[in-house]
Amino acid sequence: MQYSTRYIIAFSAAVCIVCALFVAGSAVLLRDRQERNVVLDRQKNVLDVAGVIKPGEFLTPAEIESRFAASVRPKLINLATGDINTTLDATTFNQREAARDPATSRAVPPNPSKVFRVPDQALIYEVVNDGGDLNAVILPIQGYGLWSTLYGYLALDPDMNTIRGITFYEQGETAGLGGEVENPRWKAKWPGRKVFDSQGRIKIAVKKGPAGTPEKDPYQVDGISGATITSRGVTNMLHFWMGKEAFGPFIEKEKEKEAMPPVAKS
Ligand SMILES: Cc1cc2nc3c(=O)[nH]c(=O)nc-3n(C[C@H](O)[C@H](O)[C@H](O)COP(=O)(O)O)c2cc1C
């Protein structure tokens with residue numbers, strides 16, 4: 001059967017419209033679920049980097065939400081002063097949007113991580129144990145690798161120096177090379193390393209080649225083979241975010257608190 005040109009064009013247009021409606025409808029209908037999954041993924045990463053989820057442990061979405069609610073306190077930090085901000089709502093705060101908006105961020109000097117602006121307030125997480133005592137502090141980190149900006153978290157012990165863990169929840173490095181930053185075997189090399197030396201200088205670095213144990217080699221972590229540039233990117237971002245332009249003032253204040261004797265309960 002021979003179809004007219006007009007029929008073919010009308011038929012193609014109808015197929016396109018039906019498909020477009022289907023795609024747009026799915027996007028709208030699934031938006032809530034996508035947003036919930038993004039939140040769940042962040043919560044899972046926070047629990048994971050703090051060691052609240054054990055390696056290999058599987059949690060359902062409801063278990064992630066309840067464990068997060070029970071043990072994690074989101075807090076906003078004024079990066080310039082290091083003080084905790086209690087006026088803004090940390091639970092709804094979007095740090096990436098805040099960092100983009102000139103009204104809620106400031107430009108920083110050129111740095112190897114290619115971070116151009118930092119938010120005035122940064123979202124951190126305090127993890128508490130069953131008794132309510134501080135167990136770990138989780139700081140967001142980001143910086144350029146080879147192809148992409150890597151986004152992740154660094155978890156510190158309450159001494160604000162000993163690393164509890166590191167994780168990356170978004171990155172576009174090559175799978176099998178720079179993408180190995182997500183490999184649990186590489187991440188397992190971080191706990192117990194130290195960020196600062198005894199003089200308070202930021203010393204942690206991903207070296208080229210293998211490092212020793214955390215006890216023997218506290219400031220170095222194995223490089224990822226074939227991914228020296230991504231490895232260097234991780235070092236750079238830690239130096240930036242632990243430094244004076246970012247979490248430096250907050251870390252100093254927390255270290256002072258940690259050094260003070262506990263207040264006796266009456
Ligand atoms: C297709 C391709 C993808 C690569 N992806 C990465 C990467 O994600 N991260 C990285 O650091 N290097 C990557 N490299 C390697 C870098 O170009 C560079 O050679 C490497 O970082 C040097 O590391 P090495 O000294 O450990 O060999 C890639 C190379 C190729 C050809």
# chains A, B, ... in the order shown; residues from 1 in each chain; ligands from 1

call {"tool": "residues_near_ligand", "arguments": {"ligand": "ligand 1", "cutoff": "10 Å", "atoms": "only C-alpha atoms and all ligand atoms", "output": "compact mmCIF listing (two decimals) with N, CA and C atoms, in the first residue's frame"}}
result
# COMPACT_ATOMS: atom_id res chain seq x y z
N GLY A 145 39.22 16.13 39.43
CA GLY A 145 40.14 15.02 39.24
C GLY A 145 40.79 15.17 37.87
N LEU A 146 40.52 14.21 36.98
CA LEU A 146 41.02 14.35 35.62
C LEU A 146 39.93 14.86 34.68
N TRP A 147 38.76 14.23 34.73
CA TRP A 147 37.68 14.59 33.81
C TRP A 147 36.53 15.31 34.48
N SER A 148 36.46 15.22 35.79
CA SER A 148 35.21 15.63 36.45
C SER A 148 35.47 16.20 37.83
N GLN A 171 30.97 11.21 40.73
CA GLN A 171 32.23 11.50 40.03
C GLN A 171 32.11 10.96 38.61
N GLY A 172 32.91 11.54 37.72
CA GLY A 172 32.85 11.11 36.32
C GLY A 172 34.22 10.71 35.81
N GLU A 173 35.04 10.11 36.69
CA GLU A 173 36.36 9.63 36.26
C GLU A 173 36.18 8.30 35.52
N THR A 174 37.26 7.81 34.89
CA THR A 174 37.14 6.58 34.09
C THR A 174 36.93 5.36 35.00
N ALA A 175 35.90 4.58 34.67
CA ALA A 175 35.68 3.35 35.44
C ALA A 175 36.92 2.48 35.34
N GLY A 176 37.36 1.93 36.46
CA GLY A 176 38.54 1.06 36.48
C GLY A 176 39.84 1.83 36.67
N LEU A 177 39.82 3.15 36.44
CA LEU A 177 41.03 3.98 36.69
C LEU A 177 40.66 4.97 37.81
N GLY A 178 40.39 6.23 37.44
CA GLY A 178 40.02 7.20 38.48
C GLY A 178 38.75 6.79 39.22
N GLY A 179 37.86 6.06 38.53
CA GLY A 179 36.60 5.63 39.16
C GLY A 179 36.83 4.69 40.33
N GLU A 180 38.05 4.21 40.49
CA GLU A 180 38.37 3.31 41.63
C GLU A 180 38.31 4.03 42.98
N VAL A 181 38.11 5.36 42.94
CA VAL A 181 37.90 6.06 44.23
C VAL A 181 36.68 5.51 44.95
N LYS A 208 51.97 8.33 45.12
CA LYS A 208 52.08 7.46 43.94
C LYS A 208 52.69 6.15 44.45
N GLY A 209 51.99 5.07 44.30
CA GLY A 209 52.48 3.79 44.81
C GLY A 209 51.88 3.46 46.16
N GLY A 223 48.29 5.31 46.25
CA GLY A 223 47.76 5.90 45.03
C GLY A 223 46.99 4.84 44.24
N ILE A 224 46.11 5.31 43.36
CA ILE A 224 45.36 4.39 42.50
C ILE A 224 46.19 4.21 41.24
N SER A 225 46.56 2.95 40.93
CA SER A 225 47.48 2.78 39.80
C SER A 225 46.78 3.12 38.48
N GLY A 226 47.54 3.84 37.63
CA GLY A 226 47.00 4.31 36.36
C GLY A 226 46.09 5.51 36.51
N ALA A 227 45.99 6.05 37.72
CA ALA A 227 45.09 7.19 37.95
C ALA A 227 45.77 8.21 38.88
N THR A 228 47.00 8.56 38.51
CA THR A 228 47.75 9.51 39.34
C THR A 228 47.06 10.87 39.40
N ILE A 229 46.39 11.25 38.31
CA ILE A 229 45.80 12.60 38.29
C ILE A 229 44.57 12.64 39.21
N THR A 230 43.74 11.61 39.16
CA THR A 230 42.59 11.56 40.07
C THR A 230 43.09 11.49 41.51
N SER A 231 44.12 10.67 41.75
CA SER A 231 44.68 10.54 43.11
C SER A 231 45.14 11.90 43.62
N ARG A 232 45.82 12.64 42.74
CA ARG A 232 46.30 13.97 43.13
C ARG A 232 45.11 14.89 43.41
N GLY A 233 44.03 14.71 42.62
CA GLY A 233 42.82 15.50 42.83
C GLY A 233 42.25 15.28 44.22

call {"tool": "residues_around", "arguments": {"residues": "Gln121 (chain A)", "least_positions_apart": "5", "cutoff": "8 Å", "atoms": "only C-alpha atoms", "output": "ChimeraX atom specification"}}
result
/A:76-79,85,95,98,104-105

call {"tool": "write_last_selection", "arguments": {"atoms": "C-alpha atoms", "output": "CSV table (one decimal), in the first residue's frame"}}
result
chain,number,residue,atom,x,y,z
A,76,LEU,CA,25.3,24.3,59.2
A,77,ILE,CA,28.7,25.8,59.7
A,78,ASN,CA,29.7,29.4,59.0
A,79,LEU,CA,32.9,28.7,57.1
A,85,ASN,CA,24.6,28.4,62.5
A,95,GLN,CA,24.8,23.5,49.7
A,98,ALA,CA,24.2,28.1,48.0
A,104,THR,CA,25.1,33.1,49.8
A,105,SER,CA,28.7,32.4,48.8

call {"tool": "select_by_dssp", "arguments": {"residues": "region 109-254 of chain A", "states": "helix (DSSP H, G or I)", "output": "PyMOL selection string"}}
result
chain A and resi 178-182+184-187+228-241+248-254

call {"tool": "atom_distance", "arguments": {"atom1": "CA of Thr86 (chain A)", "atom2": "CA of Pro249 (chain A)"}}
result
17.1 Å

call {"tool": "select_by_dssp", "arguments": {"residues": "region 12-251 of chain A", "states": "strand (DSSP E)", "output": "number ranges by chain"}}
result
A: 72-78, 84-85, 105-107, 117-119, 121-128, 134-144, 149-156, 163-170, 205-206, 220-221

call {"tool": "closest_residue", "arguments": {"among": "A:Lys194, A:Lys255, A:Lys216, A:Lys189", "to": "Leu238 (chain A)", "atoms": "only C-alpha atoms"}}
result
A:Lys194

call {"tool": "residues_around", "arguments": {"residues": "region 70-74 of chain A", "least_positions_apart": "4", "cutoff": "7 Å", "atoms": "only C-alpha atoms", "output": "list of chain:residue names"}}
result
A:Ser66, A:Ala90, A:Thr91, A:Leu123, A:Ile124, A:Tyr125, A:Glu126, A:Val127, A:Val128, A:Asn129

call {"tool": "closest_residue", "arguments": {"among": "A:Glu97, A:Glu256, A:Glu65, A:Asp217", "to": "Pro119 (chain A)", "atoms": "only C-alpha atoms"}}
result
A:Glu97

call {"tool": "residues_around", "arguments": {"residues": "Val234 (chain A)", "least_positions_apart": "6", "cutoff": "9 Å", "atoms": "only C-alpha atoms", "output": "list in words"}}
result
Ser113, Gln142, Gly143, Tyr144, Gly145, Leu150, Val181, Ala205 and Val206 of chain A

call {"tool": "write_last_selection", "arguments": {"atoms": "N, CA and C atoms", "output": "compact mmCIF listing (two decimals), in the first residue's frame"}}
result
# COMPACT_ATOMS: atom_id res chain seq x y z
N SER A 113 42.04 22.39 43.12
CA SER A 113 40.79 21.63 43.09
C SER A 113 39.74 22.27 42.18
N GLN A 142 34.79 18.36 47.78
CA GLN A 142 34.62 18.28 46.32
C GLN A 142 35.86 18.86 45.65
N GLY A 143 36.16 18.39 44.45
CA GLY A 143 37.30 18.94 43.73
C GLY A 143 37.51 18.22 42.43
N TYR A 144 38.32 18.82 41.58
CA TYR A 144 38.52 18.30 40.24
C TYR A 144 39.52 17.14 40.22
N GLY A 145 39.22 16.13 39.43
CA GLY A 145 40.14 15.02 39.24
C GLY A 145 40.79 15.17 37.87
N LEU A 150 34.71 15.63 41.60
CA LEU A 150 34.31 14.53 42.47
C LEU A 150 33.66 15.12 43.72
N VAL A 181 38.11 5.36 42.94
CA VAL A 181 37.90 6.06 44.23
C VAL A 181 36.68 5.51 44.95
N ALA A 205 48.01 12.86 52.20
CA ALA A 205 48.19 12.88 50.75
C ALA A 205 48.03 11.47 50.19
N VAL A 206 47.50 11.40 48.98
CA VAL A 206 47.49 10.12 48.27
C VAL A 206 48.81 10.08 47.52

call {"tool": "closest_residue", "arguments": {"among": "A:Leu30, A:Leu47, A:Glu254, A:Pro184", "to": "Ala69 (chain A)", "atoms": "only C-alpha atoms"}}
result
A:Leu47

call {"tool": "closest_residue", "arguments": {"among": "A:Arg164, A:Arg117, A:Lys257, A:His239", "to": "Asn135 (chain A)", "atoms": "only C-alpha atoms"}}
result
A:Arg164

call {"tool": "residues_around", "arguments": {"residues": "Asn161 (chain A)", "least_positions_apart": "5", "cutoff": "10 Å", "atoms": "only C-alpha atoms", "output": "list in words"}}
result
Ala155, Leu156, Gly192, Arg193, Lys194, Val195, Phe196, Asp197, Gly200, Ile202, Met242, Ile251 and Lys255 of chain A

call {"tool": "write_last_selection", "arguments": {"atoms": "N, CA and C atoms", "output": "short mmCIF file (atom, residue, chain, number, x, y, z; two decimals), in the first residue's frame"}}
result
data_model
loop_
_atom_site.label_atom_id
_atom_site.label_comp_id
_atom_site.auth_asym_id
_atom_site.auth_seq_id
_atom_site.Cartn_x
_atom_site.Cartn_y
_atom_site.Cartn_z
N ALA A 155 34.96 11.56 56.80
CA ALA A 155 34.50 11.42 58.19
C ALA A 155 35.72 11.46 59.10
N LEU A 156 35.62 12.28 60.15
CA LEU A 156 36.71 12.40 61.12
C LEU A 156 36.24 11.96 62.49
N GLY A 192 41.98 5.61 60.17
CA GLY A 192 43.16 5.63 61.04
C GLY A 192 44.24 6.58 60.57
N ARG A 193 44.17 7.06 59.32
CA ARG A 193 45.19 8.04 58.86
C ARG A 193 44.90 9.39 59.51
N LYS A 194 45.91 10.26 59.48
CA LYS A 194 45.77 11.58 60.12
C LYS A 194 45.80 12.67 59.07
N VAL A 195 44.99 13.69 59.28
CA VAL A 195 44.97 14.83 58.35
C VAL A 195 46.10 15.80 58.67
N PHE A 196 46.28 16.13 59.97
CA PHE A 196 47.23 17.18 60.37
C PHE A 196 48.42 16.57 61.11
N ASP A 197 49.61 17.19 60.90
CA ASP A 197 50.77 16.74 61.67
C ASP A 197 50.77 17.44 63.04
N GLY A 200 50.03 21.04 63.19
CA GLY A 200 48.75 21.50 62.66
C GLY A 200 48.74 21.72 61.15
N ILE A 202 48.41 20.59 57.25
CA ILE A 202 47.66 19.53 56.56
C ILE A 202 48.68 18.65 55.84
N MET A 242 40.11 21.12 54.16
CA MET A 242 40.56 21.14 55.55
C MET A 242 41.27 22.46 55.86
N ILE A 251 37.37 23.43 62.22
CA ILE A 251 38.19 22.35 62.79
C ILE A 251 38.97 22.87 64.00
N LYS A 255 38.66 21.40 67.72
CA LYS A 255 39.84 20.83 68.42
C LYS A 255 39.99 21.47 69.79
#

call {"tool": "closest_residue", "arguments": {"among": "A:Ala122, A:Pro218, A:Arg201, A:Phe68", "to": "Leu88 (chain A)", "atoms": "only C-alpha atoms"}}
result
A:Ala122

call {"tool": "atom_distance", "arguments": {"atom1": "CA of Thr149 (chain A)", "atom2": "CA of Ser26 (chain A)"}}
result
29.1 Å

call {"tool": "closest_residue", "arguments": {"among": "A:Gly152, A:Pro191, A:Gly132, A:Gly165", "to": "Ala50 (chain A)", "atoms": "only C-alpha atoms"}}
result
A:Gly165

call {"tool": "residues_around", "arguments": {"residues": "Asn45 (chain A)", "least_positions_apart": "5", "cutoff": "12 Å", "atoms": "only C-alpha atoms", "output": "PDB file with N, CA and C atoms, in the first residue's frame"}}
result
ATOM      1  N   VAL A  38      17.626  10.307  45.817  1.00  0.00           N
ATOM      2  CA  VAL A  38      18.838  11.123  45.982  1.00  0.00           C
ATOM      3  C   VAL A  38      19.110  11.330  47.467  1.00  0.00           C
ATOM      4  N   VAL A  39      18.049  11.669  48.222  1.00  0.00           N
ATOM      5  CA  VAL A  39      18.205  11.882  49.672  1.00  0.00           C
ATOM      6  C   VAL A  39      18.672  10.586  50.342  1.00  0.00           C
ATOM      7  N   LEU A  40      18.043   9.474  49.960  1.00  0.00           N
ATOM      8  CA  LEU A  40      18.423   8.178  50.546  1.00  0.00           C
ATOM      9  C   LEU A  40      19.887   7.848  50.257  1.00  0.00           C
ATOM     10  N   ALA A  50      30.730   6.997  58.007  1.00  0.00           N
ATOM     11  CA  ALA A  50      30.921   7.078  59.459  1.00  0.00           C
ATOM     12  C   ALA A  50      31.090   5.700  60.077  1.00  0.00           C
ATOM     13  N   GLY A  51      30.914   4.655  59.275  1.00  0.00           N
ATOM     14  CA  GLY A  51      31.054   3.292  59.799  1.00  0.00           C
ATOM     15  C   GLY A  51      29.791   2.815  60.507  1.00  0.00           C
ATOM     16  N   VAL A  52      28.672   3.571  60.342  1.00  0.00           N
ATOM     17  CA  VAL A  52      27.412   3.133  60.971  1.00  0.00           C
ATOM     18  C   VAL A  52      26.827   1.957  60.181  1.00  0.00           C
ATOM     19  N   ILE A  53      27.093   1.927  58.869  1.00  0.00           N
ATOM     20  CA  ILE A  53      26.753   0.732  58.083  1.00  0.00           C
ATOM     21  C   ILE A  53      28.052  -0.051  57.940  1.00  0.00           C
ATOM     22  N   LYS A  54      28.020  -1.303  58.314  1.00  0.00           N
ATOM     23  CA  LYS A  54      29.230  -2.132  58.231  1.00  0.00           C
ATOM     24  C   LYS A  54      29.415  -2.604  56.779  1.00  0.00           C
ATOM     25  N   PRO A  55      30.672  -2.843  56.336  1.00  0.00           N
ATOM     26  CA  PRO A  55      30.893  -3.313  54.968  1.00  0.00           C
ATOM     27  C   PRO A  55      30.078  -4.580  54.706  1.00  0.00           C
ATOM     28  N   ILE A  64      17.514   2.682  56.401  1.00  0.00           N
ATOM     29  CA  ILE A  64      18.480   3.785  56.217  1.00  0.00           C
ATOM     30  C   ILE A  64      17.909   5.046  56.865  1.00  0.00           C
ATOM     31  N   GLU A  65      16.628   5.333  56.551  1.00  0.00           N
ATOM     32  CA  GLU A  65      16.013   6.554  57.088  1.00  0.00           C
ATOM     33  C   GLU A  65      15.970   6.534  58.614  1.00  0.00           C
ATOM     34  N   PHE A  68      19.514   6.867  60.078  1.00  0.00           N
ATOM     35  CA  PHE A  68      19.999   8.238  59.877  1.00  0.00           C
ATOM     36  C   PHE A  68      19.356   9.163  60.913  1.00  0.00           C
ATOM     37  N   VAL A  72      22.245  10.682  63.234  1.00  0.00           N
ATOM     38  CA  VAL A  72      22.929  11.756  62.496  1.00  0.00           C
ATOM     39  C   VAL A  72      22.227  13.093  62.722  1.00  0.00           C
ATOM     40  N   TYR A 125      27.628  16.839  59.042  1.00  0.00           N
ATOM     41  CA  TYR A 125      26.806  15.903  59.820  1.00  0.00           C
ATOM     42  C   TYR A 125      27.592  15.462  61.053  1.00  0.00           C
ATOM     43  N   ILE A 138      31.221  14.530  59.850  1.00  0.00           N
ATOM     44  CA  ILE A 138      31.324  14.260  58.413  1.00  0.00           C
ATOM     45  C   ILE A 138      31.304  15.571  57.640  1.00  0.00           C
ATOM     46  N   LEU A 139      32.353  15.773  56.861  1.00  0.00           N
ATOM     47  CA  LEU A 139      32.499  17.032  56.141  1.00  0.00           C
ATOM     48  C   LEU A 139      32.373  16.782  54.644  1.00  0.00           C
ATOM     49  N   PRO A 140      31.600  17.608  53.941  1.00  0.00           N
ATOM     50  CA  PRO A 140      31.509  17.439  52.491  1.00  0.00           C
ATOM     51  C   PRO A 140      32.803  17.924  51.820  1.00  0.00           C
ATOM     52  N   TYR A 151      32.530  14.550  44.138  1.00  0.00           N
ATOM     53  CA  TYR A 151      31.824  14.981  45.342  1.00  0.00           C
ATOM     54  C   TYR A 151      31.835  13.837  46.345  1.00  0.00           C
ATOM     55  N   GLY A 152      32.176  14.157  47.580  1.00  0.00           N
ATOM     56  CA  GLY A 152      32.208  13.079  48.567  1.00  0.00           C
ATOM     57  C   GLY A 152      32.146  13.602  49.980  1.00  0.00           C
ATOM     58  N   TYR A 153      32.455  12.718  50.909  1.00  0.00           N
ATOM     59  CA  TYR A 153      32.478  13.059  52.330  1.00  0.00           C
ATOM     60  C   TYR A 153      33.748  12.519  52.957  1.00  0.00           C
ATOM     61  N   LEU A 154      34.277  13.284  53.908  1.00  0.00           N
ATOM     62  CA  LEU A 154      35.366  12.805  54.745  1.00  0.00           C
ATOM     63  C   LEU A 154      34.820  12.722  56.165  1.00  0.00           C
ATOM     64  N   ALA A 155      34.960  11.563  56.796  1.00  0.00           N
ATOM     65  CA  ALA A 155      34.503  11.416  58.190  1.00  0.00           C
ATOM     66  C   ALA A 155      35.721  11.460  59.096  1.00  0.00           C
ATOM     67  N   GLY A 165      36.785   7.688  57.616  1.00  0.00           N
ATOM     68  CA  GLY A 165      36.521   7.110  56.294  1.00  0.00           C
ATOM     69  C   GLY A 165      36.380   8.198  55.248  1.00  0.00           C
ATOM     70  N   ILE A 166      36.372   7.766  54.004  1.00  0.00           N
ATOM     71  CA  ILE A 166      36.158   8.692  52.885  1.00  0.00           C
ATOM     72  C   ILE A 166      35.219   8.011  51.902  1.00  0.00           C
ATOM     73  N   THR A 167      34.382   8.799  51.242  1.00  0.00           N
ATOM     74  CA  THR A 167      33.514   8.204  50.222  1.00  0.00           C
ATOM     75  C   THR A 167      33.217   9.240  49.148  1.00  0.00           C
ATOM     76  N   PHE A 168      32.965   8.755  47.948  1.00  0.00           N
ATOM     77  CA  PHE A 168      32.583   9.637  46.846  1.00  0.00           C
ATOM     78  C   PHE A 168      31.246   9.171  46.302  1.00  0.00           C
ATOM     79  N   TYR A 169      30.264  10.099  46.271  1.00  0.00           N
ATOM     80  CA  TYR A 169      28.933   9.698  45.805  1.00  0.00           C
ATOM     81  C   TYR A 169      28.638  10.194  44.398  1.00  0.00           C
ATOM     82  N   GLU A 170      29.537  11.015  43.843  1.00  0.00           N
ATOM     83  CA  GLU A 170      29.317  11.497  42.468  1.00  0.00           C
ATOM     84  C   GLU A 170      30.668  11.820  41.855  1.00  0.00           C
ATOM     85  N   GLU A 182      35.800   4.842  44.193  1.00  0.00           N
ATOM     86  CA  GLU A 182      34.602   4.270  44.837  1.00  0.00           C
ATOM     87  C   GLU A 182      34.816   2.825  45.267  1.00  0.00           C
TER      88      GLU A 182
END

call {"tool": "decode", "arguments": {"residues": "region 49-67 of chain A", "atoms": "N, CA and C atoms", "output": "PDB file, in the first residue's frame"}}
result
ATOM      1  N   VAL A  49      30.201   6.215  55.456  1.00  0.00           N
ATOM      2  CA  VAL A  49      31.522   6.796  55.708  1.00  0.00           C
ATOM      3  C   VAL A  49      31.799   6.896  57.201  1.00  0.00           C
ATOM      4  N   ALA A  50      30.730   6.997  58.007  1.00  0.00           N
ATOM      5  CA  ALA A  50      30.921   7.078  59.459  1.00  0.00           C
ATOM      6  C   ALA A  50      31.090   5.700  60.077  1.00  0.00           C
ATOM      7  N   GLY A  51      30.914   4.655  59.275  1.00  0.00           N
ATOM      8  CA  GLY A  51      31.054   3.292  59.799  1.00  0.00           C
ATOM      9  C   GLY A  51      29.791   2.815  60.507  1.00  0.00           C
ATOM     10  N   VAL A  52      28.672   3.571  60.342  1.00  0.00           N
ATOM     11  CA  VAL A  52      27.412   3.133  60.971  1.00  0.00           C
ATOM     12  C   VAL A  52      26.827   1.957  60.181  1.00  0.00           C
ATOM     13  N   ILE A  53      27.093   1.927  58.869  1.00  0.00           N
ATOM     14  CA  ILE A  53      26.753   0.732  58.083  1.00  0.00           C
ATOM     15  C   ILE A  53      28.052  -0.051  57.940  1.00  0.00           C
ATOM     16  N   LYS A  54      28.020  -1.303  58.314  1.00  0.00           N
ATOM     17  CA  LYS A  54      29.230  -2.132  58.231  1.00  0.00           C
ATOM     18  C   LYS A  54      29.415  -2.604  56.779  1.00  0.00           C
ATOM     19  N   PRO A  55      30.672  -2.843  56.336  1.00  0.00           N
ATOM     20  CA  PRO A  55      30.893  -3.313  54.968  1.00  0.00           C
ATOM     21  C   PRO A  55      30.078  -4.580  54.706  1.00  0.00           C
ATOM     22  N   GLY A  56      29.352  -4.588  53.595  1.00  0.00           N
ATOM     23  CA  GLY A  56      28.567  -5.762  53.217  1.00  0.00           C
ATOM     24  C   GLY A  56      27.178  -5.799  53.838  1.00  0.00           C
ATOM     25  N   GLU A  57      26.893  -4.861  54.782  1.00  0.00           N
ATOM     26  CA  GLU A  57      25.571  -4.860  55.415  1.00  0.00           C
ATOM     27  C   GLU A  57      24.552  -4.244  54.462  1.00  0.00           C
ATOM     28  N   PHE A  58      23.392  -4.884  54.323  1.00  0.00           N
ATOM     29  CA  PHE A  58      22.348  -4.352  53.437  1.00  0.00           C
ATOM     30  C   PHE A  58      21.226  -3.762  54.269  1.00  0.00           C
ATOM     31  N   LEU A  59      20.837  -2.527  53.958  1.00  0.00           N
ATOM     32  CA  LEU A  59      19.728  -1.896  54.677  1.00  0.00           C
ATOM     33  C   LEU A  59      18.626  -1.533  53.698  1.00  0.00           C
ATOM     34  N   THR A  60      17.383  -1.707  54.091  1.00  0.00           N
ATOM     35  CA  THR A  60      16.260  -1.277  53.254  1.00  0.00           C
ATOM     36  C   THR A  60      16.163   0.249  53.349  1.00  0.00           C
ATOM     37  N   PRO A  61      15.442   0.906  52.408  1.00  0.00           N
ATOM     38  CA  PRO A  61      15.287   2.361  52.499  1.00  0.00           C
ATOM     39  C   PRO A  61      14.745   2.805  53.862  1.00  0.00           C
ATOM     40  N   ALA A  62      13.772   2.073  54.409  1.00  0.00           N
ATOM     41  CA  ALA A  62      13.203   2.471  55.712  1.00  0.00           C
ATOM     42  C   ALA A  62      14.253   2.364  56.816  1.00  0.00           C
ATOM     43  N   GLU A  63      15.099   1.341  56.741  1.00  0.00           N
ATOM     44  CA  GLU A  63      16.149   1.176  57.767  1.00  0.00           C
ATOM     45  C   GLU A  63      17.192   2.293  57.651  1.00  0.00           C
ATOM     46  N   ILE A  64      17.514   2.682  56.401  1.00  0.00           N
ATOM     47  CA  ILE A  64      18.480   3.785  56.217  1.00  0.00           C
ATOM     48  C   ILE A  64      17.909   5.046  56.865  1.00  0.00           C
ATOM     49  N   GLU A  65      16.628   5.333  56.551  1.00  0.00           N
ATOM     50  CA  GLU A  65      16.013   6.554  57.088  1.00  0.00           C
ATOM     51  C   GLU A  65      15.970   6.534  58.614  1.00  0.00           C
ATOM     52  N   SER A  66      15.619   5.393  59.195  1.00  0.00           N
ATOM     53  CA  SER A  66      15.491   5.394  60.660  1.00  0.00           C
ATOM     54  C   SER A  66      16.869   5.434  61.316  1.00  0.00           C
ATOM     55  N   ARG A  67      17.858   4.762  60.726  1.00  0.00           N
ATOM     56  CA  ARG A  67      19.190   4.804  61.336  1.00  0.00           C
ATOM     57  C   ARG A  67      19.775   6.216  61.222  1.00  0.00           C
TER      58      ARG A  67
END
